[in-house]
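For reference, protein-v3.pdb is printed below; it contains PDB, C-alpha atoms, pLDDT in the B column.
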ATOM      1  CA  MET A  19      20.903  -1.766 -21.389  1.00 94.00           C
ATOM      2  CA  THR A  20      19.340  -2.158 -24.799  1.00 97.00           C
ATOM      3  CA  LEU A  21      18.047  -5.514 -25.973  1.00 98.00           C
ATOM      4  CA  GLN A  22      21.099  -5.892 -28.216  1.00 97.00           C
ATOM      5  CA  GLU A  23      23.387  -5.213 -25.261  1.00 98.00           C
ATOM      6  CA  PHE A  24      21.523  -7.763 -23.136  1.00 98.00           C
ATOM      7  CA  SER A  25      21.918 -10.351 -25.882  1.00 97.00           C
ATOM      8  CA  SER A  26      25.588  -9.659 -26.615  1.00 97.00           C
ATOM      9  CA  GLU A  27      26.699  -9.468 -22.981  1.00 97.00           C
ATOM     10  CA  PHE A  28      24.713 -12.597 -22.170  1.00 96.00           C
ATOM     11  CA  ASP A  29      26.700 -14.477 -24.841  1.00 94.00           C
ATOM     12  CA  ILE A  30      30.030 -13.087 -23.617  1.00 94.00           C
ATOM     13  CA  ASN A  31      29.417 -13.995 -19.981  1.00 93.00           C
ATOM     14  CA  TYR A  32      27.862 -17.355 -20.807  1.00 93.00           C
ATOM     15  CA  ASN A  33      30.739 -18.380 -23.087  1.00 90.00           C
ATOM     16  CA  ASN A  34      33.325 -17.271 -20.518  1.00 88.00           C
ATOM     17  CA  ILE A  35      31.694 -19.335 -17.768  1.00 84.00           C
ATOM     18  CA  MET A  36      31.139 -22.399 -19.952  1.00 80.00           C
ATOM     19  CA  SER A  37      34.536 -22.051 -21.688  1.00 79.00           C
ATOM     20  CA  ASN A  38      32.744 -22.128 -25.060  1.00 69.00           C
ATOM     21  CA  ALA A  39      32.002 -25.810 -24.411  1.00 70.00           C
ATOM     22  CA  ALA A  40      28.223 -25.495 -24.261  1.00 71.00           C
ATOM     23  CA  PRO A  41      25.926 -24.954 -27.249  1.00 79.00           C
ATOM     24  CA  GLY A  42      24.718 -21.432 -27.812  1.00 84.00           C
ATOM     25  CA  LEU A  43      21.245 -20.337 -26.786  1.00 93.00           C
ATOM     26  CA  THR A  44      18.561 -18.888 -29.032  1.00 95.00           C
ATOM     27  CA  GLU A  45      17.156 -15.414 -28.479  1.00 97.00           C
ATOM     28  CA  TYR A  46      13.972 -17.032 -27.193  1.00 98.00           C
ATOM     29  CA  GLU A  47      15.869 -19.154 -24.658  1.00 97.00           C
ATOM     30  CA  LYS A  48      17.851 -16.146 -23.486  1.00 98.00           C
ATOM     31  CA  SER A  49      14.613 -14.146 -23.180  1.00 98.00           C
ATOM     32  CA  VAL A  50      13.045 -16.840 -21.002  1.00 98.00           C
ATOM     33  CA  LEU A  51      16.098 -16.863 -18.724  1.00 98.00           C
ATOM     34  CA  LEU A  52      16.300 -13.067 -18.523  1.00 98.00           C
ATOM     35  CA  THR A  53      12.606 -12.847 -17.640  1.00 98.00           C
ATOM     36  CA  GLU A  54      12.957 -15.521 -14.964  1.00 98.00           C
ATOM     37  CA  ALA A  55      16.048 -13.790 -13.564  1.00 97.00           C
ATOM     38  CA  GLN A  56      14.228 -10.450 -13.500  1.00 97.00           C
ATOM     39  CA  GLU A  57      11.354 -11.946 -11.495  1.00 96.00           C
ATOM     40  CA  LEU A  58      13.766 -13.539  -9.012  1.00 95.00           C
ATOM     41  CA  VAL A  59      15.657 -10.272  -8.523  1.00 94.00           C
ATOM     42  CA  VAL A  60      12.426  -8.328  -7.942  1.00 94.00           C
ATOM     43  CA  VAL A  61      11.146 -10.811  -5.351  1.00 92.00           C
ATOM     44  CA  GLU A  62      14.487 -10.862  -3.546  1.00 91.00           C
ATOM     45  CA  LEU A  63      14.674  -7.069  -3.427  1.00 89.00           C
ATOM     46  CA  TYR A  64      11.149  -6.818  -2.095  1.00 89.00           C
ATOM     47  CA  ASN A  65      11.668  -9.445   0.597  1.00 85.00           C
ATOM     48  CA  GLY A  66      15.181  -8.408   1.572  1.00 73.00           C
ATOM     49  CA  ARG A  67      16.734 -11.679   0.435  1.00 62.00           C
ATOM     50  CA  ASP A  68      19.325  -9.983  -1.748  1.00 54.00           C
ATOM     51  CA  VAL A  69      22.911  -9.398  -0.603  1.00 46.00           C
ATOM     52  CA  THR A  70      21.913  -6.255   1.334  1.00 49.00           C
ATOM     53  CA  GLY A  71      19.381  -8.101   3.499  1.00 51.00           C
ATOM     54  CA  THR A  72      17.221  -4.979   3.323  1.00 53.00           C
ATOM     55  CA  SER A  73      13.596  -5.101   2.216  1.00 56.00           C
ATOM     56  CA  PHE A  74      11.877  -2.822  -0.295  1.00 58.00           C
ATOM     57  CA  GLU A  75      10.249  -0.417   2.171  1.00 61.00           C
ATOM     58  CA  GLN A  76      13.363   0.168   4.286  1.00 62.00           C
ATOM     59  CA  THR A  77      15.494   2.368   2.026  1.00 68.00           C
ATOM     60  CA  GLU A  78      14.987   4.986  -0.639  1.00 77.00           C
ATOM     61  CA  GLU A  79      17.495   3.177  -2.853  1.00 77.00           C
ATOM     62  CA  LEU A  80      15.462  -0.023  -3.006  1.00 78.00           C
ATOM     63  CA  ARG A  81      12.210   1.874  -3.465  1.00 81.00           C
ATOM     64  CA  GLU A  82      13.774   3.635  -6.439  1.00 86.00           C
ATOM     65  CA  TYR A  83      14.919   0.326  -7.919  1.00 88.00           C
ATOM     66  CA  LEU A  84      11.341  -0.961  -8.010  1.00 91.00           C
ATOM     67  CA  SER A  85       9.478   2.331  -8.425  1.00 91.00           C
ATOM     68  CA  ALA A  86       8.556   1.502 -12.044  1.00 93.00           C
ATOM     69  CA  LEU A  87       6.485  -1.405 -10.758  1.00 96.00           C
ATOM     70  CA  VAL A  88       4.486   0.509  -8.131  1.00 95.00           C
ATOM     71  CA  THR A  89       0.928   1.169  -9.277  1.00 97.00           C
ATOM     72  CA  SER A  90      -2.564   1.442  -7.855  1.00 97.00           C
ATOM     73  CA  THR A  91      -6.139   0.722  -8.767  1.00 97.00           C
ATOM     74  CA  SER A  92      -9.630   1.108  -7.329  1.00 97.00           C
ATOM     75  CA  LYS A  93     -12.363  -1.491  -7.559  1.00 97.00           C
ATOM     76  CA  THR A  94     -16.089  -0.939  -7.017  1.00 96.00           C
ATOM     77  CA  SER A  95     -19.019  -3.257  -6.458  1.00 95.00           C
ATOM     78  CA  SER A  96     -19.456  -3.566 -10.229  1.00 96.00           C
ATOM     79  CA  ASP A  97     -16.008  -5.221 -10.430  1.00 97.00           C
ATOM     80  CA  ILE A  98     -16.905  -8.053  -8.061  1.00 97.00           C
ATOM     81  CA  ILE A  99     -16.539 -11.435  -9.758  1.00 96.00           C
ATOM     82  CA  LYS A 100     -19.926 -13.109  -9.868  1.00 92.00           C
ATOM     83  CA  ASP A 101     -20.321 -16.831  -9.152  1.00 90.00           C
ATOM     84  CA  TYR A 102     -16.781 -17.156  -7.790  1.00 92.00           C
ATOM     85  CA  PRO A 103     -16.380 -20.843  -6.903  1.00 91.00           C
ATOM     86  CA  ASN A 104     -16.008 -21.830  -3.241  1.00 90.00           C
ATOM     87  CA  PRO A 105     -15.750 -18.436  -1.508  1.00 93.00           C
ATOM     88  CA  ILE A 106     -14.502 -18.735   2.045  1.00 94.00           C
ATOM     89  CA  SER A 107     -17.499 -16.838   3.420  1.00 95.00           C
ATOM     90  CA  PRO A 108     -20.966 -15.678   2.359  1.00 95.00           C
ATOM     91  CA  ASP A 109     -19.541 -12.195   3.000  1.00 96.00           C
ATOM     92  CA  SER A 110     -16.747 -12.634   0.438  1.00 96.00           C
ATOM     93  CA  LYS A 111     -16.287 -10.139  -2.380  1.00 97.00           C
ATOM     94  CA  VAL A 112     -13.760 -11.250  -4.987  1.00 97.00           C
ATOM     95  CA  PHE A 113     -11.817  -9.004  -7.370  1.00 97.00           C
ATOM     96  CA  GLY A 114      -9.248  -9.804 -10.040  1.00 96.00           C
ATOM     97  CA  ILE A 115      -5.916  -8.011 -10.580  1.00 95.00           C
ATOM     98  CA  ASN A 116      -3.976  -9.748 -13.325  1.00 92.00           C
ATOM     99  CA  ASP A 117      -0.551  -8.161 -12.757  1.00 94.00           C
ATOM    100  CA  LEU A 118      -0.532  -8.250  -8.943  1.00 94.00           C
ATOM    101  CA  LEU A 119       2.741  -9.227  -7.269  1.00 93.00           C
ATOM    102  CA  PHE A 120       2.773  -7.717  -3.747  1.00 93.00           C
ATOM    103  CA  ILE A 121       0.243  -5.442  -2.046  1.00 94.00           C
ATOM    104  CA  LEU A 122       1.749  -2.346  -0.417  1.00 93.00           C
ATOM    105  CA  TYR A 123      -1.390  -0.656   0.939  1.00 95.00           C
ATOM    106  CA  GLU A 124      -5.120  -1.287   0.795  1.00 97.00           C
ATOM    107  CA  SER A 125      -8.377   0.006   2.202  1.00 98.00           C
ATOM    108  CA  MET A 126     -12.091  -0.198   1.523  1.00 98.00           C
ATOM    109  CA  THR A 127     -14.913   2.314   1.743  1.00 98.00           C
ATOM    110  CA  ILE A 128     -18.203   1.063   3.155  1.00 97.00           C
ATOM    111  CA  ASP A 129     -21.398   1.466   1.169  1.00 97.00           C
ATOM    112  CA  SER A 130     -24.264   1.495   3.663  1.00 95.00           C
ATOM    113  CA  PRO A 131     -27.719   3.031   4.035  1.00 94.00           C
ATOM    114  CA  TYR A 132     -26.703   4.085   7.550  1.00 94.00           C
ATOM    115  CA  PRO A 133     -25.103   7.563   7.650  1.00 94.00           C
ATOM    116  CA  CYS A 134     -22.754   6.550  10.457  1.00 94.00           C
ATOM    117  CA  LEU A 135     -21.201   3.895   8.218  1.00 96.00           C
ATOM    118  CA  SER A 136     -21.675   5.148   4.661  1.00 96.00           C
ATOM    119  CA  GLY A 137     -18.383   6.440   3.247  1.00 96.00           C
ATOM    120  CA  LYS A 138     -16.344   5.166   6.181  1.00 97.00           C
ATOM    121  CA  GLU A 139     -12.870   4.025   5.128  1.00 97.00           C
ATOM    122  CA  ILE A 140     -11.512   0.987   6.952  1.00 97.00           C
ATOM    123  CA  PRO A 141      -8.254  -0.949   6.662  1.00 97.00           C
ATOM    124  CA  VAL A 142      -8.087  -4.264   4.850  1.00 97.00           C
ATOM    125  CA  VAL A 143      -6.027  -6.764   6.830  1.00 96.00           C
ATOM    126  CA  PRO A 144      -4.301  -9.663   5.049  1.00 95.00           C
ATOM    127  CA  VAL A 145      -4.734 -13.071   6.678  1.00 95.00           C
ATOM    128  CA  THR A 146      -3.737 -16.610   5.839  1.00 93.00           C
ATOM    129  CA  LEU A 147      -6.342 -19.330   5.600  1.00 92.00           C
ATOM    130  CA  ASP A 148      -5.449 -20.636   9.073  1.00 92.00           C
ATOM    131  CA  GLU A 149      -5.579 -17.138  10.550  1.00 94.00           C
ATOM    132  CA  TYR A 150      -8.965 -16.524   8.976  1.00 94.00           C
ATOM    133  CA  TYR A 151     -10.530 -19.499  10.719  1.00 91.00           C
ATOM    134  CA  ARG A 152      -9.026 -18.358  14.025  1.00 92.00           C
ATOM    135  CA  VAL A 153     -10.195 -14.751  13.838  1.00 92.00           C
ATOM    136  CA  SER A 154     -13.366 -14.874  11.732  1.00 89.00           C
ATOM    137  CA  LYS A 155     -15.642 -15.229  14.773  1.00 86.00           C
ATOM    138  CA  ASN A 156     -13.649 -12.822  16.928  1.00 87.00           C
ATOM    139  CA  PRO A 157     -15.550  -9.494  17.235  1.00 82.00           C
ATOM    140  CA  PHE A 158     -12.272  -7.596  17.719  1.00 85.00           C
ATOM    141  CA  ARG A 159     -10.133  -9.250  15.029  1.00 88.00           C
ATOM    142  CA  GLY A 160     -12.730 -10.481  12.550  1.00 92.00           C
ATOM    143  CA  ALA A 161     -14.387  -8.608   9.690  1.00 95.00           C
ATOM    144  CA  GLY A 162     -16.657  -5.752  10.794  1.00 93.00           C
ATOM    145  CA  GLU A 163     -16.965  -2.002  10.822  1.00 94.00           C
ATOM    146  CA  ARG A 164     -13.346  -1.640  11.968  1.00 94.00           C
ATOM    147  CA  ARG A 165     -11.647  -3.821   9.371  1.00 96.00           C
ATOM    148  CA  ALA A 166     -12.100  -6.139   6.425  1.00 97.00           C
ATOM    149  CA  LEU A 167     -10.102  -9.319   5.933  1.00 97.00           C
ATOM    150  CA  ARG A 168      -8.296 -10.267   2.742  1.00 97.00           C
ATOM    151  CA  LEU A 169      -7.109 -13.574   1.321  1.00 95.00           C
ATOM    152  CA  ASN A 170      -5.233 -14.065  -1.939  1.00 88.00           C
ATOM    153  CA  ALA A 171      -5.615 -16.817  -4.511  1.00 79.00           C
ATOM    154  CA  ALA A 172      -3.309 -16.335  -7.511  1.00 78.00           C
ATOM    155  CA  ASP A 173      -4.550 -13.166  -9.256  1.00 86.00           C
ATOM    156  CA  LYS A 174      -7.770 -13.027  -7.213  1.00 93.00           C
ATOM    157  CA  ILE A 175      -8.326 -10.953  -4.085  1.00 96.00           C
ATOM    158  CA  GLU A 176     -11.027 -12.165  -1.713  1.00 97.00           C
ATOM    159  CA  ILE A 177     -12.292  -9.474   0.660  1.00 97.00           C
ATOM    160  CA  VAL A 178     -14.393 -10.648   3.593  1.00 97.00           C
ATOM    161  CA  THR A 179     -16.694  -7.939   4.929  1.00 97.00           C
ATOM    162  CA  PRO A 180     -20.350  -7.924   5.967  1.00 96.00           C
ATOM    163  CA  TYR A 181     -20.793  -4.564   4.214  1.00 97.00           C
ATOM    164  CA  ASP A 182     -21.209  -3.580   0.611  1.00 97.00           C
ATOM    165  CA  ILE A 183     -18.090  -2.032  -0.901  1.00 97.00           C
ATOM    166  CA  SER A 184     -18.213   1.450  -2.357  1.00 97.00           C
ATOM    167  CA  LYS A 185     -14.506   1.337  -3.232  1.00 97.00           C
ATOM    168  CA  TYR A 186     -11.607  -1.027  -2.683  1.00 98.00           C
ATOM    169  CA  TYR A 187      -8.324   0.825  -3.130  1.00 98.00           C
ATOM    170  CA  VAL A 188      -5.062  -1.041  -3.501  1.00 97.00           C
ATOM    171  CA  ARG A 189      -1.513   0.164  -4.101  1.00 97.00           C
ATOM    172  CA  TYR A 190       0.726  -2.666  -5.176  1.00 96.00           C
ATOM    173  CA  LEU A 191       3.880  -3.887  -6.811  1.00 95.00           C
ATOM    174  CA  ARG A 192       2.967  -5.300 -10.192  1.00 96.00           C
ATOM    175  CA  LYS A 193       4.691  -8.066 -12.098  1.00 96.00           C
ATOM    176  CA  PRO A 194       7.447  -6.754 -14.395  1.00 97.00           C
ATOM    177  CA  LYS A 195       6.974  -7.041 -18.120  1.00 97.00           C
ATOM    178  CA  PRO A 196       9.075  -9.807 -19.682  1.00 98.00           C
ATOM    179  CA  ILE A 197      12.438  -9.127 -21.290  1.00 98.00           C
ATOM    180  CA  ILE A 198      12.089 -10.331 -24.880  1.00 98.00           C
ATOM    181  CA  LEU A 199      15.127  -9.862 -27.101  1.00 98.00           C
ATOM    182  CA  GLU A 200      13.310 -10.158 -30.428  1.00 98.00           C
ATOM    183  CA  SER A 201       9.768 -10.629 -31.677  1.00 98.00           C
ATOM    184  CA  LEU A 202       8.430 -14.148 -31.154  1.00 97.00           C
ATOM    185  CA  GLN A 203       5.366 -13.726 -33.347  1.00 96.00           C
ATOM    186  CA  SER A 204       6.774 -15.654 -36.317  1.00 95.00           C
ATOM    187  CA  MET A 205       7.465 -18.619 -33.979  1.00 94.00           C
ATOM    188  CA  ASN A 206       4.014 -18.456 -32.366  1.00 96.00           C
ATOM    189  CA  LEU A 207       5.685 -18.211 -28.971  1.00 97.00           C
ATOM    190  CA  THR A 208       4.991 -15.963 -25.990  1.00 98.00           C
ATOM    191  CA  ILE A 209       6.564 -15.195 -22.633  1.00 98.00           C
ATOM    192  CA  ASN A 210       4.038 -14.278 -19.954  1.00 96.00           C
ATOM    193  CA  GLY A 211       1.537 -13.769 -22.744  1.00 95.00           C
ATOM    194  CA  VAL A 212       3.743 -11.315 -24.688  1.00 97.00           C
ATOM    195  CA  SER A 213       5.232 -12.033 -28.119  1.00 97.00           C
ATOM    196  CA  SER A 214       6.675  -8.662 -29.204  1.00 98.00           C
ATOM    197  CA  ALA A 215      10.184  -7.464 -28.326  1.00 98.00           C
ATOM    198  CA  SER A 216      10.173  -5.930 -24.850  1.00 98.00           C
ATOM    199  CA  GLU A 217      12.924  -4.043 -23.025  1.00 97.00           C
ATOM    200  CA  CYS A 218      13.670  -4.246 -19.313  1.00 97.00           C
ATOM    201  CA  GLU A 219      11.589  -1.569 -17.618  1.00 96.00           C
ATOM    202  CA  LEU A 220      13.408  -1.650 -14.289  1.00 95.00           C
ATOM    203  CA  ASN A 221      15.994   0.825 -13.049  1.00 93.00           C
ATOM    204  CA  SER A 222      19.165   0.520 -15.146  1.00 94.00           C
ATOM    205  CA  ALA A 223      21.153  -0.279 -11.981  1.00 91.00           C
ATOM    206  CA  LEU A 224      19.406  -3.658 -11.946  1.00 94.00           C
ATOM    207  CA  HIS A 225      20.156  -4.605 -15.537  1.00 96.00           C
ATOM    208  CA  ARG A 226      23.500  -6.312 -14.951  1.00 96.00           C
ATOM    209  CA  PRO A 227      22.378  -8.129 -11.782  1.00 94.00           C
ATOM    210  CA  ILE A 228      19.513  -9.488 -13.886  1.00 96.00           C
ATOM    211  CA  LEU A 229      21.918 -10.402 -16.686  1.00 97.00           C
ATOM    212  CA  TYR A 230      24.312 -12.200 -14.335  1.00 96.00           C
ATOM    213  CA  ARG A 231      21.460 -14.093 -12.705  1.00 96.00           C
ATOM    214  CA  ALA A 232      20.175 -15.168 -16.135  1.00 97.00           C
ATOM    215  CA  VAL A 233      23.627 -16.458 -17.098  1.00 96.00           C
ATOM    216  CA  SER A 234      23.794 -18.340 -13.801  1.00 95.00           C
ATOM    217  CA  LEU A 235      20.410 -19.917 -14.553  1.00 96.00           C
ATOM    218  CA  ALA A 236      21.680 -20.926 -17.994  1.00 94.00           C
ATOM    219  CA  GLN A 237      24.737 -22.505 -16.411  1.00 91.00           C
ATOM    220  CA  GLU A 238      22.569 -24.488 -13.976  1.00 89.00           C
ATOM    221  CA  MET A 239      20.360 -25.605 -16.823  1.00 86.00           C
ATOM    222  CA  MET A 240      23.298 -26.932 -18.819  1.00 82.00           C
ATOM    223  CA  TYR A 241      24.758 -28.789 -15.839  1.00 76.00           C
ATOM    224  CA  GLN A 242      21.390 -30.419 -15.208  1.00 75.00           C
ATOM    225  CA  LYS A 243      21.231 -31.562 -18.829  1.00 71.00           C
ATOM    226  CA  LYS A 244      24.713 -33.089 -18.542  1.00 66.00           C
ATOM    227  CA  GLY A 245      23.775 -34.782 -15.262  1.00 57.00           C
TER
END
Kindly transcribe the structure held in the file into structure tokens.
Amino acid sequence: MTLQEFSSEFDINYNNIMSNAAPGLTEYEKSVLLTEAQELVVVELYNGRDVTGTSFEQTEELREYLSALVTSTSKTSSDIIKDYPNPISPDSKVFGINDLLFILYESMTIDSPYPCLSGKEIPVVPVTLDEYYRVSKNPFRGAGERRALRLNAADKIEIVTPYDISKYYVRYLRKPKPIILESLQSMNLTINGVSSASECELNSALHRPILYRAVSLAQEMMYQKKG
């Protein structure tokens, strides 16, 4: 769907649901709702909380729906954030990935003066804060030459490993770009840091589910205002 189609069909569906009794929404308001709806749809598809009950990795269809958001990056020791406040361990190495949503695969390559370790690729295992405290001292489940541990804090990735990192590789699902129906620059407004018009980048099969969810959000918003 084009931006004009998103805008027009939003109005049609919204007016039908509200029986033309509610005030119209600006292009900015519709853009906010469409962007929020898009994020909800993506998270539900990934986690299997949509009507199919099937998660992202289980079928080719769902992988295709979100394929535009799958990307990868590699970080090296030069990318480590210096003076990161309150690291969980003296062995922590912290990286930033601004558009990170969900990690699909990750590994690290050890940088060591010892030939038996240098260049060795090991898995990076995600843990919660509680899990970290349970396993950090365990020689079989803690960080070592067999694995590194990873904790997340917003857009920061904290890798716990006693070794220097030659490369941290991560394949992940990134946050979708916002749906912005018209430029917001003249109003000095942004959505997720973007002010220019921006089309939906997801598979076209998801456009109407996103539209319907946005209209539903608008309906909820109006009922809350009346209440």
* Near-range 123-136 of chain A list (8 Å; all atoms listed in the file; drop same-chain fewer than 6 positions) as a VMD selection string -> chain A and resid 142 163 166 181 to 190
* Asked: Between A:Glu23, A:Val212, A:Glu238, A:Arg165, which has the minimum distance to Glu139 in chain A (counting all atoms listed in the file)?
  -> A:Arg165
* Do you know which residues the PyMOL selection byres ((chain A and resi 21) around 9) returns on this file, as a PyMOL selection string? -> chain A and resi 19-20+22-26+197-200+215-218
* To do: Specify as a PyMOL selection string each residue included when the PyMOL selection byres ((chain A and resi 52-60) around 6) is applied to this file.
  => chain A and resi 49-51+61-63+196-197+228+231-232
* Neighbours of Asp173 in chain A within 7 Å (only C-alpha atoms; same-chain residues fewer than 3 positions away dropped), as a count of residues only? -> 4
* Tell me which of A:Leu119, A:Leu202, A:Ile175, A:Ala236 sits closest to Thr89 in chain A, counting only C-alpha atoms. =>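 Closest residue, counting only C-alpha atoms: A:Leu119.
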Given 5 Å of margin on each side, can you work out the centre and size in Å (one decimal) of an axis-aligned box holding every listed atom of range 183-186 of chain A, as AutoDock Vina command-line options?
--center_x -14.9 --center_y -0.3 --center_z -2.1 --size_x 16.6 --size_y 13.5 --size_z 12.3
* To do: Quick one: apply the PyMOL selection byres ((chain A and resi 147) around 10) to the file and drop the selected residues here as a PyMOL selection string.
  => chain A and resi 106+144-146+148-152+168-170
* Asked: A:Ser96, A:Thr91, A:Ser85, A:Thr179: which is nearest Pro194 in chain A, counting all atoms listed in the file?
  -> A:Ser85
